[in-house]
Structure formats: C-alpha cells, structure tokens
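Shown below: upload31.txt, with compact mmCIF, C-alpha atoms and all ligand atoms.
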```
# COMPACT_ATOMS: atom_id res chain seq x y z
CA MET R 1 93.45 143.24 -114.51
CA ILE R 2 96.89 142.30 -113.22
CA LYS R 3 98.42 144.43 -110.47
CA SER R 4 102.20 144.88 -110.43
CA VAL R 5 104.42 146.90 -108.10
CA ALA R 6 107.93 147.94 -109.12
CA PHE R 7 110.87 149.46 -107.23
CA ALA R 8 113.89 150.98 -108.95
CA ALA R 9 117.19 151.91 -107.32
CA GLU R 10 119.17 154.99 -108.31
CA THR R 11 122.03 152.68 -109.31
CA PRO R 12 121.20 150.69 -112.44
CA GLY R 13 121.38 146.90 -112.29
CA PRO R 14 119.51 143.71 -113.07
CA LYS R 15 115.77 143.68 -113.67
CA LEU R 16 114.16 140.98 -111.54
CA LEU R 17 110.56 139.84 -112.02
CA VAL R 18 108.85 138.00 -109.14
CA LEU R 19 105.58 136.17 -109.89
CA GLY R 20 102.99 134.65 -107.56
CA ALA R 21 99.82 132.65 -108.20
CA VAL R 22 100.40 131.88 -111.86
CA HIS R 23 98.29 128.94 -110.71
CA GLY R 24 95.39 130.29 -108.65
CA ASN R 25 95.39 127.47 -106.08
CA GLU R 26 99.06 128.03 -105.14
CA PRO R 27 98.98 130.98 -102.71
CA CYS R 28 102.55 130.99 -101.30
CA GLY R 29 103.82 133.75 -103.62
CA ALA R 30 100.65 135.81 -103.31
CA VAL R 31 101.11 135.80 -99.51
CA ALA R 32 104.89 136.22 -99.36
CA ILE R 33 105.30 138.94 -102.02
CA PRO R 34 103.21 141.62 -100.20
CA HIS R 35 105.49 141.21 -97.15
CA VAL R 36 108.49 142.18 -99.26
CA ILE R 37 106.57 145.02 -100.94
CA ALA R 38 105.65 146.36 -97.47
CA GLU R 39 109.29 146.15 -96.35
CA LEU R 40 110.40 148.18 -99.39
CA MET R 41 107.52 150.66 -99.03
CA THR R 42 108.25 151.36 -95.36
CA GLY R 43 112.02 151.54 -95.81
CA LYS R 44 112.64 148.47 -93.67
CA ARG R 45 114.41 147.16 -96.74
CA ASN R 46 116.33 149.23 -99.26
CA LEU R 47 116.91 148.46 -102.92
CA VAL R 48 120.48 149.48 -103.72
CA ARG R 49 120.73 148.39 -107.34
CA GLY R 50 118.52 147.49 -110.29
CA ARG R 51 114.77 147.15 -110.53
CA VAL R 52 112.40 144.58 -109.07
CA THR R 53 108.85 144.10 -110.31
CA PHE R 54 106.37 142.10 -108.22
CA VAL R 55 103.15 140.51 -109.43
CA PRO R 56 101.63 138.91 -106.33
CA VAL R 57 98.69 137.37 -108.21
CA CYS R 58 99.13 136.57 -111.89
CA ASN R 59 95.74 134.88 -112.24
CA PRO R 60 93.33 136.97 -110.12
CA ARG R 61 90.05 135.21 -110.99
CA ALA R 62 91.52 131.75 -110.46
CA TYR R 63 93.11 132.94 -107.20
CA ALA R 64 89.78 134.31 -105.96
CA ALA R 65 88.13 131.00 -106.85
CA GLY R 66 90.94 128.89 -105.36
CA GLU R 67 91.28 127.13 -108.71
CA ARG R 68 94.37 126.34 -110.78
CA TYR R 69 92.94 128.28 -113.73
CA ILE R 70 89.68 129.52 -115.24
CA ASP R 71 89.85 128.49 -118.93
CA ARG R 72 93.30 126.94 -119.31
CA ASN R 73 96.75 126.71 -117.69
CA LEU R 74 98.21 130.24 -117.67
CA ASN R 75 101.74 128.79 -117.72
CA ARG R 76 101.48 127.89 -121.42
CA TYR R 77 101.49 129.77 -124.75
CA LEU R 78 103.40 132.71 -123.25
CA VAL R 79 104.01 134.40 -126.57
CA PRO R 80 101.96 137.46 -127.51
CA GLN R 81 98.61 136.41 -128.98
CA ALA R 82 97.06 138.61 -131.66
CA HIS R 83 93.61 137.21 -130.92
CA PRO R 84 93.47 136.08 -127.28
CA ASP R 85 90.59 133.63 -127.12
CA CYS R 86 90.10 133.12 -123.38
CA TYR R 87 90.76 134.69 -119.96
CA GLU R 88 94.25 133.19 -119.53
CA ALA R 89 95.19 134.22 -123.09
CA ARG R 90 94.39 137.83 -122.19
CA LEU R 91 96.36 137.56 -118.93
CA GLY R 92 99.17 135.90 -120.89
CA ASN R 93 99.50 138.93 -123.13
CA ILE R 94 100.00 141.14 -120.06
CA LEU R 95 102.55 138.69 -118.60
CA CYS R 96 104.42 138.56 -121.91
CA GLY R 97 105.13 142.28 -121.63
CA LEU R 98 106.56 141.83 -118.13
CA LEU R 99 108.55 138.71 -119.06
CA ALA R 100 110.06 140.51 -122.06
CA ASP R 101 111.35 143.29 -119.81
CA CYS R 102 113.29 141.31 -117.18
CA ASP R 103 116.78 139.82 -116.89
CA ALA R 104 115.82 137.26 -114.26
CA LEU R 105 112.60 135.56 -113.21
CA LEU R 106 111.52 134.12 -109.88
CA ASP R 107 108.24 132.23 -110.30
CA LEU R 108 106.73 130.93 -107.03
CA HIS R 109 104.59 127.78 -107.07
CA SER R 110 103.45 125.01 -104.72
CA THR R 111 102.16 121.46 -105.10
CA PRO R 112 99.07 119.65 -103.78
CA ARG R 113 101.11 116.83 -102.23
CA GLY R 114 103.72 118.98 -100.54
CA ASN R 115 106.82 117.60 -102.23
CA GLU R 116 110.10 118.74 -100.74
CA PRO R 117 110.69 122.33 -101.87
CA HIS R 118 112.85 122.41 -104.98
CA VAL R 119 113.79 124.61 -107.88
CA TYR R 120 113.89 123.66 -111.55
CA VAL R 121 117.11 124.64 -113.18
CA GLU R 122 118.92 124.43 -116.51
CA PRO R 123 122.43 123.60 -115.22
CA SER R 124 124.10 123.98 -118.60
CA ASN R 125 123.87 127.74 -118.00
CA PRO R 126 126.32 128.39 -115.13
CA ALA R 127 124.77 131.79 -114.34
CA GLU R 128 121.34 130.23 -113.99
CA TYR R 129 122.71 127.40 -111.88
CA ALA R 130 124.44 129.86 -109.55
CA TYR R 131 121.23 131.87 -109.22
CA ALA R 132 119.11 128.79 -108.44
CA ALA R 133 121.70 127.44 -106.00
CA HIS R 134 121.54 130.65 -103.94
CA LEU R 135 117.78 130.71 -103.39
CA GLY R 136 117.97 128.85 -100.07
CA LEU R 137 116.55 125.53 -101.28
CA ARG R 138 118.42 122.30 -100.76
CA THR R 139 117.31 120.58 -103.93
CA LEU R 140 117.72 121.62 -107.56
CA ILE R 141 116.08 119.46 -110.19
CA THR R 142 116.92 119.12 -113.84
CA GLY R 143 116.35 116.71 -116.72
CA TRP R 144 112.60 117.29 -116.97
CA GLU R 145 112.52 117.66 -120.74
CA ASP R 146 115.01 114.82 -121.39
CA VAL R 147 112.93 112.42 -119.31
CA TYR R 148 109.90 112.98 -121.51
CA ALA R 149 111.92 113.00 -124.71
CA ALA R 150 113.03 109.46 -123.81
CA THR R 151 109.43 108.24 -123.72
CA ASP R 152 106.84 108.16 -126.45
CA ARG R 153 104.63 110.34 -124.28
CA LYS R 154 104.91 114.00 -123.41
CA ALA R 155 104.41 115.90 -120.18
CA VAL R 156 101.94 118.02 -122.04
CA GLU R 157 100.15 116.71 -125.10
CA GLN R 158 101.20 119.57 -127.33
CA ILE R 159 98.82 120.74 -129.97
CA HIS R 160 100.85 123.82 -130.88
CA PRO R 161 104.61 124.54 -130.64
CA ASP R 162 103.94 127.58 -128.42
CA GLU R 163 102.04 125.49 -125.88
CA GLY R 164 105.26 124.57 -124.06
CA ILE R 165 106.28 128.23 -123.59
CA GLY R 166 105.74 128.87 -119.89
CA THR R 167 107.23 131.67 -117.78
CA GLU R 168 110.69 130.04 -117.62
CA GLN R 169 110.90 129.32 -121.34
CA ALA R 170 109.70 132.84 -122.19
CA VAL R 171 112.61 134.31 -120.21
CA ARG R 172 115.30 131.77 -121.22
CA ARG R 173 114.61 132.07 -124.93
CA ARG R 174 115.57 135.77 -124.63
CA GLY R 175 118.77 134.93 -122.73
CA GLY R 176 117.42 135.69 -119.26
CA LEU R 177 117.78 133.59 -116.11
CA ALA R 178 114.75 131.69 -114.82
CA ALA R 179 113.98 129.92 -111.56
CA LEU R 180 110.66 128.20 -110.94
CA VAL R 181 110.42 127.31 -107.27
CA GLU R 182 108.04 124.69 -105.92
CA CYS R 183 107.82 126.04 -102.37
CA GLY R 184 105.98 123.14 -100.71
CA GLN R 185 102.33 122.28 -100.15
CA ASP R 186 99.45 124.48 -101.32
CA GLY R 187 98.24 126.56 -98.36
CA ASP R 188 101.03 125.52 -95.97
CA PRO R 189 102.55 128.49 -94.06
CA GLN R 190 105.95 126.80 -94.48
CA ALA R 191 105.62 127.28 -98.26
CA VAL R 192 105.18 131.02 -97.65
CA GLU R 193 108.45 131.01 -95.67
CA VAL R 194 110.25 129.25 -98.51
CA ALA R 195 108.84 131.79 -101.00
CA TYR R 196 109.85 134.76 -98.82
CA ARG R 197 113.36 133.37 -98.42
CA ALA R 198 113.67 132.78 -102.17
CA ILE R 199 112.68 136.41 -102.92
CA HIS R 200 115.15 137.73 -100.37
CA ASN R 201 117.94 135.49 -101.63
CA ALA R 202 117.26 136.37 -105.28
CA LEU R 203 117.58 140.09 -104.44
CA LYS R 204 120.75 139.31 -102.51
CA HIS R 205 122.22 137.14 -105.29
CA PHE R 206 121.89 139.96 -107.83
CA GLY R 207 123.37 142.51 -105.43
CA MET R 208 120.08 144.39 -105.16
CA VAL R 209 119.94 144.37 -101.34
CA GLU R 210 122.74 144.46 -98.80
CA GLU R 211 121.37 142.16 -96.08
CA LYS R 212 122.79 138.69 -95.55
CA ALA R 213 121.39 135.73 -97.47
CA LEU R 214 118.87 133.58 -95.54
CA ALA R 215 119.57 129.88 -94.95
CA SER R 216 121.61 129.28 -98.05
CA GLY R 217 123.21 125.97 -97.18
CA ALA R 218 124.51 123.11 -99.27
CA THR R 219 122.57 122.22 -102.38
CA ARG R 220 122.25 119.05 -104.41
CA LEU R 221 121.41 118.68 -108.07
CA VAL R 222 119.05 115.82 -108.90
CA ARG R 223 118.90 114.83 -112.54
CA MET R 224 115.68 113.01 -113.35
CA THR R 225 116.46 110.18 -115.73
CA LYS R 226 113.23 108.21 -115.99
CA VAL R 227 109.49 108.63 -115.57
CA TYR R 228 107.21 105.72 -114.69
CA TYR R 229 103.53 105.94 -115.57
CA ARG R 230 100.76 104.32 -113.57
CA ASP R 231 99.46 102.07 -116.32
CA ASP R 232 97.59 99.58 -114.12
CA ASN R 233 96.70 98.96 -110.49
CA GLY R 234 100.22 98.03 -109.45
CA ALA R 235 101.67 99.16 -106.14
CA PHE R 236 104.78 100.75 -104.67
CA THR R 237 107.06 98.39 -102.75
CA ARG R 238 107.26 100.99 -99.99
CA PRO R 239 105.37 104.16 -99.06
CA TRP R 240 107.99 106.25 -100.86
CA ARG R 241 108.53 109.83 -99.81
CA ASP R 242 110.04 112.45 -102.09
CA PHE R 243 113.78 111.90 -102.68
CA ASP R 244 113.97 108.60 -100.75
CA PRO R 245 117.22 106.84 -101.74
CA VAL R 246 117.11 103.53 -103.66
CA GLU R 247 119.91 101.14 -104.51
CA ALA R 248 120.58 99.82 -108.02
CA GLY R 249 118.32 96.82 -108.66
CA GLU R 250 115.99 97.54 -105.75
CA PRO R 251 112.32 97.14 -106.73
CA MET R 252 110.50 100.48 -106.49
CA ALA R 253 107.08 99.28 -107.64
CA ILE R 254 105.36 96.16 -108.95
CA ARG R 255 102.96 96.24 -111.90
CA ALA R 256 99.61 94.42 -111.66
CA ASN R 257 101.08 91.65 -113.89
CA GLY R 258 103.97 91.15 -111.45
CA THR R 259 106.64 93.06 -113.39
CA ARG R 260 109.07 94.63 -110.98
CA LEU R 261 110.21 98.18 -111.68
CA CYS R 262 113.75 98.21 -110.32
CA ALA R 263 116.07 101.17 -109.81
CA PRO R 264 118.41 101.39 -112.84
CA ALA R 265 121.22 102.75 -110.63
CA ASN R 266 121.83 104.07 -107.14
CA GLY R 267 119.51 107.04 -106.98
CA LEU R 268 116.34 108.60 -105.64
CA VAL R 269 112.58 108.20 -105.98
CA VAL R 270 111.24 111.58 -107.05
CA MET R 271 107.67 112.91 -106.77
CA PRO R 272 105.97 109.60 -105.95
CA GLN R 273 102.19 109.71 -106.43
CA PRO R 274 100.87 106.29 -105.39
CA ASP R 275 97.23 107.10 -106.10
CA CYS R 276 97.48 109.15 -109.28
CA ALA R 277 95.01 108.47 -112.07
CA LEU R 278 95.82 105.61 -114.47
CA GLY R 279 98.04 106.78 -117.33
CA GLN R 280 99.53 109.61 -115.27
CA GLU R 281 103.07 110.07 -113.96
CA TRP R 282 103.42 107.62 -111.04
CA PHE R 283 106.96 108.48 -109.97
CA TYR R 284 110.32 109.52 -111.35
CA PHE R 285 113.80 108.11 -110.84
CA GLY R 286 116.69 110.52 -110.46
CA VAL R 287 120.37 110.52 -109.64
CA GLU R 288 122.25 112.99 -107.54
CA GLU R 289 124.98 114.82 -109.44
CA THR R 290 127.96 116.39 -107.77
CA ARG R 291 128.92 119.89 -108.87
CA ASP R 292 131.89 122.02 -108.03
ZN ZN D 1 102.10 125.85 -110.18
```

Go through the file and emit its structure as structure tokens.
Amino acid sequence: MIKSVAFAAETPGPKLLVLGAVHGNEPCGAVAIPHVIAELMTGKRNLVRGRVTFVPVCNPRAYAAGERYIDRNLNRYLVPQAHPDCYEARLGNILCGLLADCDALLDLHSTPRGNEPHVYVEPSNPAEYAYAAHLGLRTLITGWEDVYAATDRKAVEQIHPDEGIGTEQAVRRRGGLAALVECGQDGDPQAVEVAYRAIHNALKHFGMVEEKALASGATRLVRMTKVYYRDDNGAFTRPWRDFDPVEAGEPMAIRANGTRLCAPANGLVVMPQPDCALGQEWFYFGVEETRD
C-alpha cells in the first residue's frame, strides 16, 4: 500500500508530484513532507493554484526496515508492468499512475556520505533548468548520462531498455519537468531542512503558494565530464571533499602502478569516494558552466 495526500486549489494550474523515500534508507522526504501536509491541512499554508500530490513514503516496507529496497531498486523500470514479479514492481505500477498524472516532479533523496546537496537537471530544457534553479540549492549537476556514454561501462548494467526509467525519466519522456534532489546525508536533520525548502520553493516557483521563496540564492551548474573508477588500490592525492576545485594538470589520484590521474581542465572533484569497492565509481571530474 502506498499512501498519497493531494490538495487542489479552486484555480486550475500545474500538477506537482512530491515523492519521499523512493529509497527506504533516505528519510528526508518522508520527514519533511508531513510538515507541509500539516501546514496545508491546518490552513497555515494555502494552495492558490493547481494541485499538489504528496507521497511521503514510496517504499513503505523498505522504509520500515531502513533498507534501500526489498527486492530491487524502486527507481528503475517505471513503466507499467503487466506481470509485476516482485514487491518493487508492484509499487512501481502504483507510482506509474501518479507519475503519468503530473506536470512536474520533485523527488527527494539523500546519500550515505552526505555530499553537498544538489539537484540533477537537464539544462537543455530551459523550463526544467529554471525550476531546478529555484529550489534553493546552490549546485545543479548535469552530464550524468554523457559521462557514462563516454566510457565502456554503464552506471547501471542494463539488462532491459526499461531498466533506466526512473522517476525523472518517466516524467520527462511525457514532456513534464523533473527535479531529483539529493538533500544531504541519510538521517541528517539538515537534509530534512533542504527537502522542506525544496518543496516550498517548488510550490512557489509554479505559483501555487503566495509566500516568499526560501533561501534561493545564486546557483552554479556543474557539468560532469569524466568518471574515474577505482580499479586498484590507488589513492587520492588529497582528502578531497565534494566540489573541491582543481587546476588543469593537477594530480587528483595516483593508481597503484603510479599512473597519475590529472585534472583535464580547471574544474571540480565531484562525489569523491576514497574507499569505494574496487570497480566502482571512485570520483568524477566536472566543470562549472556559467549560465545567463
Ligand atoms: Zn536515493
């Protein structure tokens, strides 16, 4: 069973879908969303336009267990399945109905390592870029798919073309706007704040509430251009933190055989994971893009 709560204004407008705990071990959305529901229920907040649908917990059994998922990643294969073969496939069919009936998606996630909060965006769609840029996060990231296309490996070893259809892809392929926000570290109260702010700012961006936007300062767009895998027991040259700047030619890591991995341009180290398993994504390199 998935519980959803919807509010509709008398004045028609955009249909926004807000999701929490698509991954059961990422509680920020599941904690932040009920605050906004309570504000709308009690009249502390008023919806002036459109319709907003909240799903605080998309994967209830995984959330109760504190696990990412029960049988498989829920954020895959989000096309209706005629013969759902596992728990997440059955949940996915419910989510597909909600995803098919929205104009914009806000999907709230967190990460185990507490990377700087950021939102994934497809900047070639100006409407989606504007939406993502107003969520109150400093950093927008793009280039995810291009980075993997440039390697002979994939982010997800796909066994079926529908495997790569997550919440964002399900909405974008119908022409909707999607924002997946990584709000910070799993279980950190700060991540709940980021999630709450993103919900508020999404409602504000679409003209659905009349309050002021919260903390919507300058944003930067980081285009990831390269992924480095941890193929041996090499080491970072520094204890990199997320989005640390690097200069062109500066060594970022050294392979076990002594090969230096140098920055291909002036840019940033993104999502460094010094101790990830061998064969996994070790870190990314990205460049900051200026936008009007
Ligand atoms: Zn997640």

| query | Around (105.0, 134.8, -127.9) in the file's frame, which residues reach within 8 Å when counting all atoms listed in the file? Return as an MDAnalysis selection string? | reply | chainID R and resid 77:81 96 162 165 170

Hey, what's within 8 Å of Leu74 (chain R) if we count only C-alpha atoms and toss same-chain stuff fewer than 6 positions away? As an mmCIF file with C-alpha atoms, in the frame of the given file, please?
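Resulting contents of out.cif:
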```cif
data_model
loop_
_atom_site.group_PDB
_atom_site.id
_atom_site.type_symbol
_atom_site.label_atom_id
_atom_site.label_comp_id
_atom_site.auth_asym_id
_atom_site.auth_seq_id
_atom_site.Cartn_x
_atom_site.Cartn_y
_atom_site.Cartn_z
ATOM 1 C CA VAL R 22 100.400 131.880 -111.860
ATOM 2 C CA HIS R 23 98.290 128.940 -110.710
ATOM 3 C CA ASN R 59 95.740 134.880 -112.240
ATOM 4 C CA GLU R 88 94.250 133.190 -119.530
ATOM 5 C CA ALA R 89 95.190 134.220 -123.090
ATOM 6 C CA LEU R 91 96.360 137.560 -118.930
ATOM 7 C CA GLY R 92 99.170 135.900 -120.890
ATOM 8 C CA GLY R 166 105.740 128.870 -119.890
#
```

| Could you pull the residues within 12 Å of Glu281 (chain R), counting all atoms listed in the file, minus those fewer than 2 positions along the same chain, as a PyMOL selection string? | chain R and resi 147-148+151+153-156+226-232+270-279+283-285

| message | List the spatial neighbours of His205 (chain R) as a list in words - criterion: any atom at most 12 Å away, all atoms listed in the file, same-chain residues fewer than 4 positions off excluded. | response |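 The contact residues come out as Pro14, Leu16, Arg49, Ala104, Ala127, Glu128, Tyr129, Ala130, Tyr131, Ala132, Ala133, His134, Leu135, Gly136, Arg197, Ala198, Ile199, His200, Asn201, Val209, Glu210, Glu211, Lys212, Ala213, Leu214 and Ser216 of chain R.
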
| query | Using only C-alpha atoms and all ligand atoms, what are the residues with an atom within 9 Å of ligand ZN 1 (chain D), set out as number ranges by chain? | reply | R: 21-26, 68, 75, 107-111, 180-182

| Point-to-point distance from CA of Leu221 (chain R) to CA of Glu289 (chain R), Å rounded to tenths |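 Computing the Euclidean distance for CA of Leu221 (chain R) and CA of Glu289 (chain R) yields 5.4 Å.
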
| task | Using all atoms listed in the file, find the one residue out of R:Thr142, R:Cys102, R:Gly29, R:Arg238 that sits nearest to Ala6 (chain R). | result | R:Cys102

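Closest approach to Gly143 (chain R) among R:Val222, R:Val48, R:Met208, R:Cys86: R:Val222, based on all atoms listed in the file.
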
| query | Do you have the CA of Cys28 (chain R)-CA of Val192 (chain R) distance handy? | reply |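 Computed distance, CA of Cys28 (chain R) to CA of Val192 (chain R), equals 4.5 Å.
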
| Could you pull the residues within 12 Å of Pro27 (chain R), counting all atoms listed in the file, minus those fewer than 3 positions along the same chain, as a PyMOL selection string? | chain R and resi 19-24+30-34+56-60+62-68+108-112+182-193+195

Might I get the box with edges along x, y and z of the file that holds all atoms of region 235-239 of chain R listed there, padded by 3 Å on every side, given as centre and edge lengths in Å to one decimal, as AutoDock Vina command-line options?
```
--center_x 104.5 --center_y 101.3 --center_z -102.6 --size_x 11.6 --size_y 11.8 --size_z 13.1
```

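For the pair CA of Pro117 (chain R) and CA of Phe243 (chain R), the separation is 10.9 Å.
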
| query | Can you tell me, as a list in words, which residues sit within 6 Å of (114.9, 122.0, -107.8) in the file's frame, using all atoms listed in the file? | reply |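 Returned residue set, sorted by chain then number, is His118, Val119, Tyr120, Thr139, Leu140 and Ile141 of chain R.
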
| query | From the list R:Arg255, R:Arg113, R:Arg220, R:His160, which residue is nearest Asp242 (chain R) when using all atoms listed in the file? | reply | R:Arg113

| query | Out of R:Ala149, R:Leu137, R:Ala218, R:Ala100, which residue has the shortest atom-to-atom distance to Gly176 (chain R) when counting all atoms listed in the file? | reply | R:Ala100
